[in-house]
file upload_7.cif (mmCIF, C-alpha atoms)
data_entry
loop_
_atom_site.label_atom_id
_atom_site.label_comp_id
_atom_site.auth_asym_id
_atom_site.auth_seq_id
_atom_site.Cartn_x
_atom_site.Cartn_y
_atom_site.Cartn_z
CA MET A 1338 -9.74 20.27 -34.24
CA GLU A 1339 -12.84 18.15 -34.01
CA ARG A 1340 -12.22 14.96 -32.11
CA ILE A 1341 -12.17 11.73 -34.18
CA ASN A 1342 -14.30 9.08 -32.55
CA HIS A 1343 -13.64 6.26 -35.09
CA ASN A 1344 -10.29 4.61 -35.76
CA PRO A 1345 -9.61 5.00 -39.51
CA HIS A 1346 -6.97 2.25 -39.40
CA SER A 1347 -9.77 -0.28 -39.20
CA ASP A 1348 -11.64 1.07 -42.24
CA GLU A 1349 -11.72 -0.89 -45.55
CA CYS A 1350 -11.91 0.62 -49.02
CA PRO A 1351 -15.37 0.33 -50.57
CA ASP A 1352 -15.89 -1.72 -53.72
CA TYR A 1353 -16.04 1.11 -56.25
CA GLY A 1354 -16.52 -1.42 -59.08
CA SER A 1355 -19.85 -2.52 -57.66
CA LEU A 1356 -23.23 -1.68 -59.12
CA ALA A 1357 -23.86 0.88 -56.34
CA PHE A 1358 -21.07 3.17 -57.63
CA THR A 1359 -22.09 2.91 -61.35
CA PRO A 1360 -23.49 6.50 -61.42
CA VAL A 1361 -20.32 7.83 -59.79
CA ARG A 1362 -18.11 6.03 -62.25
CA ALA A 1363 -20.22 7.23 -65.21
CA ALA A 1364 -19.89 10.82 -64.00
CA LEU A 1365 -16.11 10.52 -63.68
CA ARG A 1366 -15.83 8.90 -67.16
CA ALA A 1367 -17.79 11.68 -68.75
CA GLN A 1368 -15.93 14.41 -66.89
CA ASN A 1369 -12.43 13.05 -67.42
CA ASN A 1370 -12.98 11.08 -70.68
CA ILE A 1371 -11.59 7.92 -69.13
CA GLU A 1372 -12.41 4.22 -69.21
CA GLU A 1373 -14.51 2.33 -66.65
CA GLU A 1374 -11.49 0.82 -64.91
CA ALA A 1375 -9.73 4.16 -64.68
CA ALA A 1376 -12.80 5.73 -63.07
CA LYS A 1377 -12.86 2.96 -60.51
CA GLN A 1378 -9.16 3.44 -59.72
CA LEU A 1379 -9.66 7.14 -59.39
CA LEU A 1380 -12.28 6.55 -56.71
CA VAL A 1381 -10.04 4.06 -54.89
CA ASP A 1382 -7.10 6.50 -54.92
CA ALA A 1383 -9.28 9.33 -53.58
CA TRP A 1384 -10.57 7.20 -50.73
CA ARG A 1385 -7.06 6.03 -49.80
CA GLN A 1386 -5.82 9.63 -49.74
CA HIS A 1387 -8.61 10.64 -47.42
CA ASN A 1388 -8.09 7.58 -45.26
CA ASP A 1389 -4.38 8.35 -44.91
CA VAL A 1390 -5.21 11.89 -43.70
CA GLN A 1391 -7.68 10.45 -41.21
CA LYS A 1392 -5.10 7.93 -39.99
CA GLU A 1393 -2.53 10.67 -39.39
CA ALA A 1394 -5.07 12.76 -37.50
CA TRP A 1395 -6.07 9.73 -35.46
CA ASP A 1396 -2.47 8.91 -34.64
CA ARG A 1397 -1.86 12.48 -33.48
CA GLN A 1398 -5.01 12.31 -31.36
CA VAL A 1399 -3.93 9.04 -29.81
CA GLN A 1400 -0.49 10.47 -29.01
CA GLU A 1401 -2.05 13.56 -27.42
CA ASP A 1402 -4.41 11.39 -25.40
CA GLU A 1403 -1.49 9.32 -24.20
CA ARG A 1404 0.45 12.44 -23.31
CA LEU A 1405 -2.47 13.89 -21.36
CA GLN A 1406 -3.09 10.57 -19.63
CA ALA A 1407 0.57 10.35 -18.67
CA GLU A 1408 0.42 13.91 -17.30
CA ASN A 1409 -2.73 13.14 -15.34
CA ASP A 1410 -1.17 9.96 -14.01
CA ARG A 1411 1.92 11.91 -12.94
CA VAL A 1412 -0.20 14.58 -11.20
CA ALA A 1413 -2.28 11.93 -9.49
CA GLN A 1414 0.85 10.08 -8.43
CA ASP A 1415 2.36 13.29 -7.10
CA GLU A 1416 -0.82 13.99 -5.14
CA ASP A 1417 -0.85 10.48 -3.74
CA GLU A 1418 2.77 10.90 -2.71
CA ARG A 1419 2.05 14.27 -1.14
CA GLN A 1420 -0.85 12.85 0.87
CA ARG A 1421 1.25 9.88 1.91
CA LEU A 1422 4.01 12.16 3.19
CA GLN A 1423 1.46 14.32 4.97
CA ARG A 1424 -0.07 11.28 6.67
CA GLU A 1425 3.37 10.11 7.73
CA GLN A 1426 4.18 13.54 9.15
CA GLU A 1427 0.87 13.69 11.02
CA GLU A 1428 1.38 10.20 12.37
CA GLU A 1429 4.89 11.16 13.48
CA VAL A 1430 3.61 14.28 15.25
CA GLU A 1431 0.83 12.28 16.90
CA LYS A 1432 3.35 9.66 17.95
CA GLN A 1433 5.58 12.35 19.47
CA GLU A 1434 2.62 13.85 21.35
CA ILE A 1435 1.70 10.43 22.71
CA GLU A 1436 5.31 9.92 23.76
CA LYS A 1437 5.28 13.27 25.55
CA LYS A 1438 2.13 12.32 27.47
CA LYS A 1439 3.33 8.87 28.40
CA PRO A 1440 4.65 8.63 31.95
CA LYS A 1441 8.41 8.51 31.98
CA MET A 1442 10.63 7.38 34.79
CA LYS A 1443 13.36 9.94 35.20
CA ASN A 1444 16.95 9.14 36.00
CA PHE A 1445 18.42 9.34 39.50
CA ASP A 1446 21.69 10.19 41.20
CA SER A 1447 23.32 6.90 42.08
CA GLY A 1448 25.42 8.57 44.79
CA SER A 1449 22.59 10.21 46.77
CA MET A 1450 20.19 8.85 49.39
CA VAL A 1451 16.85 9.87 50.83
CA ASP A 1452 16.68 13.07 52.90
CA ASP A 1453 16.75 12.99 56.68
CA PHE A 1454 13.19 14.37 56.78
CA ILE A 1455 10.31 13.62 54.40
CA SER A 1456 7.62 16.29 54.36
CA PRO A 1457 4.05 15.01 54.73
CA ARG A 1458 2.17 14.99 51.46
CA PRO A 1459 -0.91 17.22 51.31
CA SER A 1460 -4.06 16.26 49.42
CA SER A 1461 -4.25 16.26 45.64
CA TYR A 1462 -6.71 19.14 45.93
CA ALA A 1463 -4.18 21.27 47.83
CA LEU A 1464 -1.35 20.42 45.40
CA ASN A 1465 -3.59 21.25 42.45
CA LYS A 1466 -4.33 24.66 43.99
CA LEU A 1467 -0.62 25.29 44.52
CA GLU A 1468 0.23 24.27 40.95
CA SER A 1469 -2.37 26.79 39.71
CA PHE A 1470 -1.03 29.51 42.07
CA ASP A 1471 -4.50 29.68 43.64
CA TYR A 1472 -5.49 30.48 47.22
CA ILE A 1473 -5.56 27.44 49.50
CA GLU A 1474 -6.38 27.23 53.21
CA LEU A 1475 -3.43 26.65 55.54
CA TRP A 1476 -5.36 23.86 57.26
CA TYR A 1477 -4.42 21.52 54.40
CA PHE A 1478 -0.78 21.82 55.55
CA THR A 1479 -1.42 21.09 59.23
CA PRO A 1480 -1.23 17.61 60.80
CA ASP A 1481 -5.04 17.43 60.70
CA GLY A 1482 -4.99 18.27 56.99
CA PHE A 1483 -2.35 15.65 56.22
CA GLN A 1484 -4.26 13.00 58.16
CA ASP A 1485 -7.44 13.89 56.30
CA ALA A 1486 -5.55 13.54 53.00
CA VAL A 1487 -4.41 10.04 53.96
CA GLU A 1488 -7.93 8.97 54.92
CA SER A 1489 -9.43 10.49 51.76
CA GLN A 1490 -6.88 8.72 49.57
CA ARG A 1491 -7.98 5.38 50.97
CA SER A 1492 -11.59 6.01 49.94
CA GLN A 1493 -10.93 7.47 46.46
CA THR A 1494 -9.61 5.79 43.34
CA ASP A 1495 -6.96 7.42 41.15
CA ASP A 1496 -8.97 6.80 37.95
CA ALA A 1497 -12.03 8.82 39.01
CA PHE A 1498 -12.35 12.01 36.94
CA SER A 1499 -14.48 15.12 37.08
CA LEU A 1500 -15.17 18.02 34.69
CA THR A 1501 -13.56 21.29 35.76
CA LYS A 1502 -13.26 24.70 34.17
CA VAL A 1503 -9.82 25.61 32.81
CA GLY A 1504 -9.82 29.14 31.42
CA ASP A 1505 -12.77 29.33 29.01
CA SER A 1506 -13.05 25.58 28.44
CA LEU A 1507 -13.82 22.39 30.34
CA ALA A 1508 -11.26 19.71 31.10
CA LEU A 1509 -11.19 16.34 32.81
CA LYS A 1510 -9.20 16.20 36.03
CA GLN A 1511 -8.84 13.61 38.73
CA PHE A 1512 -11.75 13.87 41.15
CA ALA A 1513 -9.44 14.09 44.15
CA ALA A 1514 -7.69 17.11 42.63
CA VAL A 1515 -10.86 19.23 42.39
CA LYS A 1516 -12.80 18.19 45.50
CA ALA A 1517 -12.21 20.17 48.70
CA SER A 1518 -12.19 18.35 52.01
CA ARG A 1519 -15.37 18.48 54.07
CA SER A 1520 -13.22 18.75 57.18
CA ALA A 1521 -11.30 21.80 55.98
CA VAL A 1522 -11.09 24.68 58.46
CA LYS A 1523 -11.24 28.25 57.22
CA ASP A 1524 -8.13 30.35 57.84
CA SER A 1525 -10.16 32.67 60.06
CA ASP A 1526 -11.05 29.75 62.36
CA LEU A 1527 -7.52 28.39 62.80
CA THR A 1528 -5.68 28.54 66.09
CA TRP A 1529 -2.41 30.42 66.26
CA THR A 1530 -0.51 27.12 66.49
CA GLN A 1531 -2.30 25.71 63.45
CA MET A 1532 -1.50 28.82 61.42
CA MET A 1533 2.18 28.73 62.35
CA MET A 1534 2.46 25.00 61.61
CA GLY A 1535 0.54 25.25 58.36
CA LYS A 1536 2.53 28.16 56.92
CA VAL A 1537 5.85 26.27 57.18
CA LEU A 1538 4.83 23.33 54.98
CA PHE A 1539 2.70 25.59 52.79
CA LEU A 1540 5.80 27.60 51.87
CA GLN A 1541 7.88 24.45 51.43
CA HIS A 1542 5.44 22.81 49.03
CA ALA A 1543 4.98 26.09 47.14
CA GLN A 1544 8.74 26.21 46.67
CA ASP A 1545 8.80 22.58 45.50
CA LEU A 1546 6.19 23.50 42.87
CA ASN A 1547 8.40 26.32 41.56
CA TRP A 1548 6.51 29.36 42.81
CA PRO A 1549 8.41 32.55 41.84
CA GLU A 1550 11.10 33.39 44.37
CA ILE A 1551 9.87 36.96 44.83
CA HIS A 1552 6.42 35.68 45.83
CA LEU A 1553 7.84 33.11 48.23
CA LYS A 1554 10.06 35.68 49.94
CA SER A 1555 7.17 38.09 50.32
CA LEU A 1556 4.93 35.39 51.85
CA ALA A 1557 7.69 34.25 54.21
CA ARG A 1558 8.27 37.83 55.38
CA PHE A 1559 4.50 38.24 55.78
CA PHE A 1560 4.26 35.35 58.25
CA ILE A 1561 7.37 36.51 60.12
CA ASN A 1562 5.91 39.99 60.51
CA LEU A 1563 2.73 38.49 61.93
CA GLU A 1564 4.70 36.30 64.31
CA ILE A 1565 6.66 39.26 65.74
CA HIS A 1566 3.79 41.74 65.65
CA PRO A 1567 3.19 43.62 68.95
CA TYR A 1568 -0.50 42.72 68.84
CA ARG A 1569 0.38 39.20 69.97
CA LEU A 1570 0.84 40.60 73.49
CA ARG A 1571 -2.65 42.14 73.59
CA PRO A 1572 -5.87 40.44 74.65
CA HIS A 1573 -7.37 38.77 71.57
CA GLY A 1574 -4.27 39.90 69.65
CA GLU A 1575 -3.52 36.54 68.09
CA LYS A 1576 -7.13 36.25 66.94
CA VAL A 1577 -6.79 39.66 65.29
CA LEU A 1578 -3.64 38.56 63.42
CA ILE A 1579 -5.25 35.27 62.39
CA LEU A 1580 -8.16 37.17 60.83
CA TYR A 1581 -5.73 39.61 59.20
CA GLN A 1582 -3.85 36.70 57.62
CA ALA A 1583 -7.08 35.11 56.38
CA LYS A 1584 -8.39 38.30 54.79
CA VAL A 1585 -5.13 39.62 53.34
CA ARG A 1586 -3.76 36.39 51.87
CA ARG A 1587 -7.01 35.65 50.00
CA ASN A 1588 -7.15 39.25 48.73
CA TRP A 1589 -3.51 38.95 47.64
CA HIS A 1590 -4.35 35.98 45.40
CA ASP A 1591 -7.45 37.72 44.01
CA ARG A 1592 -5.46 40.85 43.17
CA LEU A 1593 -2.66 38.85 41.53
CA LYS A 1594 -5.18 37.29 39.14
CA ARG A 1595 -6.32 40.79 38.15
CA ASP A 1596 -2.69 41.93 37.69
CA GLN A 1597 -3.07 44.27 40.68
CA GLY A 1598 -0.69 42.51 43.04
CA PHE A 1599 0.79 44.16 46.14
CA ASN A 1600 3.59 43.35 48.58
CA ILE A 1601 1.86 41.15 51.15
CA ALA A 1602 4.85 41.42 53.52
CA ILE A 1603 3.98 45.04 54.33
CA ILE A 1604 1.53 44.99 57.26
CA ASN A 1605 -1.29 47.50 56.98
CA GLU A 1606 -1.61 48.71 60.58
CA SER A 1607 -4.87 50.54 59.83
CA LEU A 1608 -6.44 47.27 58.71
CA VAL A 1609 -5.05 45.53 61.81
CA GLN A 1610 -6.70 48.16 64.03
CA SER A 1611 -9.97 47.86 62.13
CA ILE A 1612 -9.99 44.06 62.58
CA SER A 1613 -9.04 44.52 66.24
CA SER A 1614 -12.07 46.75 66.78
CA GLU A 1615 -14.32 44.12 65.24
CA VAL A 1616 -12.87 41.40 67.47
CA LEU A 1617 -13.20 43.50 70.63
CA ASP A 1618 -16.78 44.46 69.79
CA ARG A 1619 -17.62 40.79 69.30
CA ALA A 1620 -15.96 39.90 72.61
CA LYS A 1621 -18.06 42.50 74.44
CA LEU A 1622 -21.27 41.15 72.93
CA ASP A 1623 -20.33 37.59 73.86
CA SER A 1624 -19.55 38.65 77.44
CA ILE A 1625 -23.21 39.42 78.01
CA THR A 1626 -24.23 36.01 79.28
CA GLU A 1627 -27.70 34.69 79.02
CA VAL A 1628 -28.58 32.51 81.93
CA SER A 1629 -31.47 30.13 82.01
CA PHE A 1630 -32.67 29.61 85.57
CA SER A 1631 -35.09 26.75 86.10
CA ALA A 1632 -36.79 26.00 89.34
CA TYR A 1633 -39.28 23.44 90.51
CA VAL A 1634 -41.59 25.03 93.09
CA PHE A 1635 -43.96 23.00 95.18
CA GLY A 1636 -47.16 24.91 95.80
CA SER A 1637 -49.36 27.27 93.91
CA VAL A 1638 -47.88 30.15 91.92
CA ALA A 1639 -49.57 33.50 91.51
CA ASN A 1640 -48.64 36.39 89.22
CA LEU A 1641 -44.85 36.32 88.63
CA ASN A 1642 -44.61 39.72 86.94
CA PRO A 1643 -42.11 40.99 85.86
CA PHE A 1644 -41.01 37.44 85.06
CA GLN A 1645 -42.99 35.46 82.51
CA GLN A 1646 -44.93 32.55 83.96
CA ILE A 1647 -44.30 29.62 81.64
CA HIS A 1648 -46.47 27.03 83.35
CA SER A 1649 -48.58 26.92 86.48
CA SER A 1650 -50.01 23.91 88.27
CA PRO A 1651 -49.92 22.39 91.77
CA THR A 1652 -46.44 21.29 90.83
CA THR A 1653 -45.08 24.16 88.75
CA LEU A 1654 -42.04 24.58 86.50
CA THR A 1655 -41.25 28.28 86.32
CA LEU A 1656 -38.62 29.47 83.84
CA LEU A 1657 -36.99 32.77 84.73
CA ARG A 1658 -34.71 34.26 82.07
CA PHE A 1659 -32.44 37.22 82.59
CA SER A 1660 -29.04 38.57 81.51
CA LEU A 1661 -26.22 39.05 83.98
CA PRO A 1662 -23.20 41.33 83.69
CA ASP A 1663 -20.07 40.45 85.66
CA ASP A 1664 -20.36 39.96 89.47
CA THR A 1665 -24.09 40.63 89.67
CA PHE A 1666 -26.24 39.68 92.63
CA VAL A 1667 -29.79 38.71 91.76
CA MET A 1668 -32.50 38.87 94.42
CA LEU A 1669 -35.68 36.92 93.84
CA HIS A 1670 -38.04 38.12 96.58
CA ALA A 1671 -40.70 35.86 97.99
CA SER A 1672 -43.16 38.70 97.54
CA LEU A 1673 -43.23 37.68 93.88
CA LEU A 1674 -44.25 34.16 94.84
CA THR A 1675 -47.45 34.08 96.85
CA ALA A 1676 -49.02 31.18 98.75
CA LEU A 1677 -45.71 29.31 98.98
CA HIS A 1678 -45.27 26.83 101.81
CA PRO A 1679 -42.41 28.18 103.96
CA ALA A 1680 -39.02 26.91 102.88
CA VAL A 1681 -40.39 23.95 101.00
CA PHE A 1682 -39.33 24.76 97.46
CA THR A 1683 -36.40 23.24 95.75
CA CYS A 1684 -34.25 24.95 93.10
CA PHE A 1685 -32.03 23.04 90.78
CA CYS A 1686 -31.19 22.43 87.11
CA LEU A 1687 -29.20 25.61 86.57
CA LYS A 1688 -28.11 25.97 82.93
CA PHE A 1689 -25.25 28.33 82.16
CA PHE A 1690 -24.34 29.33 78.65
CA HIS A 1691 -20.79 30.30 79.60
CA SER A 1692 -18.60 29.15 82.44
CA ILE A 1693 -20.38 30.60 85.50
CA SER A 1694 -19.77 29.51 89.04
CA THR A 1695 -22.39 29.67 91.78
CA SER A 1696 -20.91 31.03 94.94
CA CYS A 1697 -23.94 31.33 97.17
CA PHE A 1698 -27.35 29.68 97.47
CA LEU A 1699 -29.64 30.78 100.38
CA PHE A 1700 -33.24 29.79 100.97
CA ASP A 1701 -35.66 31.22 103.53
CA ASN A 1702 -39.24 32.43 103.82
CA ALA A 1703 -38.36 35.89 102.60
CA SER A 1704 -36.01 35.57 99.67
CA LEU A 1705 -33.85 33.49 97.44
CA LEU A 1706 -30.39 34.97 97.00
CA VAL A 1707 -28.11 33.67 94.27
CA SER A 1708 -24.70 35.14 93.45
CA PHE A 1709 -23.27 34.46 89.99
CA HIS A 1710 -19.67 35.16 89.13
CA HIS A 1711 -18.43 35.06 85.53
CA ASN A 1712 -15.13 33.51 84.65
CA SER A 1713 -12.95 35.64 82.39
CA PHE A 1714 -13.78 35.48 78.68
#
call {"tool": "encode", "arguments": {"input": "upload_7.cif", "output": "C-alpha cells"}}
result
Amino acid sequence: MERINHNPHSDECPDYGSLAFTPVRAALRAQNNIEEEAAKQLLVDAWRQHNDVQKEAWDRQVQEDERLQAENDRVAQDEDERQRLQREQEEEVEKQEIEKKKPKMKNFDSGSMVDDFISPRPSSYALNKLESFDYIELWYFTPDGFQDAVESQRSQTDDAFSLTKVGDSLALKQFAAVKASRSAVKDSDLTWTQMMMGKVLFLQHAQDLNWPEIHLKSLARFFINLEIHPYRLRPHGEKVLILYQAKVRRNWHDRLKRDQGFNIAIINESLVQSISSEVLDRAKLDSITEVSFSAYVFGSVANLNPFQQIHSSPTTLTLLRFSLPDDTFVMLHASLLTALHPAVFTCFCLKFFHSISTSCFLFDNASLLVSFHHNSF
C-alpha cells in the first residue's frame, strides 16, 4: 500500500455550494434529476466517505509506524544492554588480569623461623638464566660472582628496562636481568676449586627455581663423576675435567633446546681422552720457552752472525734471542765478538718469559757461559 504522507484527520470538506462547483452540481442534477441542494449534499457525502477511508488508512499506518518504532527501540535497547554487559565483562577480565599482575604478599608460617644458613643470592642475570633453563657459567655461583652481583646491584636501579627477545617477539625486562657481568669467567678458565664451589650453589638455586628432578639428579651425578674421576690424579688432569665440564654442560643445554637431550651424568671417556690430548699438546708448546737476553757491551761490535745485530755503536745494545729446552747450556764464544776489550763487558737485564733460574754466570776473555734451568711447568 502506498504510504500516506498527509493526515486526513486535518482535512476540511470543501464548500460544494460555492460558485466553483456549479458545473459539478449541474452535471449531477442532470444525471440524477435532483435539485441543487441535493446535488450539493451528494458531493458532501462522497467527500466524507472518501475522507473516512483515508482516515482509517492513516490510522493503520500510524499504528504500524508505532509498532515498528517500538520494535526498533526494543532492538536498540537490547543492543545497548548487550554492549553494556560486554563492557562490564571486559572490564572485569581486565581487572582480574591487573590483580594477577599486582605484587601480592604471601602468607607465612607463624611457627617457623629463618634457616640456619642463607644461601648467597646470585645476580638477576644468573637467576633469569636459571628460570629460563638456559646455560649459565658456574662463576656466577662462586664467591667472586656473588660479590660482583652485590656491587652491580649498587650501581643499577630496579626500574631500568631493556628490550629482549622472547620466542619470536620482543619483551621488556629489567636491565639487570639481561646484562651479563663484565667480570664473568668462562667455565673453561675456572680453577678446580671454583668449579666445585660454583656447582653446589648452582644446583641449589636450580632446585629452588623448580628445575625438573630428573635433570637435577643427572647434573648432580655429573659433577660427582668428575670429582671422583681417575684423571684428577694425572698431570693436568683437573684442567682436562674442567674443560670437559665446560664443553659438555653447554652442549647439554643446546641439545635440550633441540629436543635431543642426553644423560649428562654418563662420562664419555673418549671425549675426555681427546680433551686430554689437546691439553698435553698445549703444555708441550708452552714448555718451549722464549728467552730474551739483553746485554750492554762496551766496545765496538763486528759481525754477530748467526745472531742478529740490532744496534751497533761505541756503546752497543745487542739483543740475542733464542729458544731453550730444559737444562740447556748456551755458550756465547768471544770469537763472535771481535775487538772487545778483555773482560770489560757487562751483562744484565735478563728477561725470562717463564720462571727460569740462572745457575751460573762466568766471564772471561774467551767465552761467556750461562746455564739456564727451567722450573717445572
call {"tool": "residues_around", "arguments": {"input": "upload_7.cif", "residues": "A:Phe1560", "least_positions_apart": "3", "cutoff": "12 Å", "atoms": "only C-alpha atoms", "output": "PyMOL selection string"}}
result
chain A and resi 1475+1529+1532-1537+1539-1540+1553-1557+1563-1566+1578-1579+1581-1583+1585-1586+1601-1604
call {"tool": "resolve_selection", "arguments": {"input": "upload_7.cif", "expression": "the PyMOL selection byres ((chain A and resi 1487) around 12)", "output": "short mmCIF file (atom, residue, chain, number, x, y, z; two decimals) with C-alpha atoms, in the frame of the given file"}}
result
data_model
loop_
_atom_site.label_atom_id
_atom_site.label_comp_id
_atom_site.auth_asym_id
_atom_site.auth_seq_id
_atom_site.Cartn_x
_atom_site.Cartn_y
_atom_site.Cartn_z
CA PRO A 1457 4.05 15.01 54.73
CA ARG A 1458 2.17 14.99 51.46
CA PRO A 1459 -0.91 17.22 51.31
CA SER A 1460 -4.06 16.26 49.42
CA SER A 1461 -4.25 16.26 45.64
CA TYR A 1477 -4.42 21.52 54.40
CA PRO A 1480 -1.23 17.61 60.80
CA ASP A 1481 -5.04 17.43 60.70
CA GLY A 1482 -4.99 18.27 56.99
CA PHE A 1483 -2.35 15.65 56.22
CA GLN A 1484 -4.26 13.00 58.16
CA ASP A 1485 -7.44 13.89 56.30
CA ALA A 1486 -5.55 13.54 53.00
CA GLU A 1488 -7.93 8.97 54.92
CA SER A 1489 -9.43 10.49 51.76
CA GLN A 1490 -6.88 8.72 49.57
CA ARG A 1491 -7.98 5.38 50.97
CA SER A 1492 -11.59 6.01 49.94
CA GLN A 1493 -10.93 7.47 46.46
CA ALA A 1513 -9.44 14.09 44.15
CA SER A 1518 -12.19 18.35 52.01
#
call {"tool": "atom_distance", "arguments": {"input": "upload_7.cif", "atom1": "atom CA of A:Ile1551", "atom2": "atom CA of A:His1590"}}
result
14.3 Å
call {"tool": "atom_distance", "arguments": {"input": "upload_7.cif", "atom1": "atom CA of A:Trp1548", "atom2": "atom CA of A:Lys1441"}}
result
23.6 Å
call {"tool": "closest_residue", "arguments": {"input": "upload_7.cif", "among": "A:Leu1467, A:Met1442, A:Ile1371, A:Val1430", "to": "A:Gln1544", "atoms": "all atoms listed in the file"}}
result
A:Leu1467
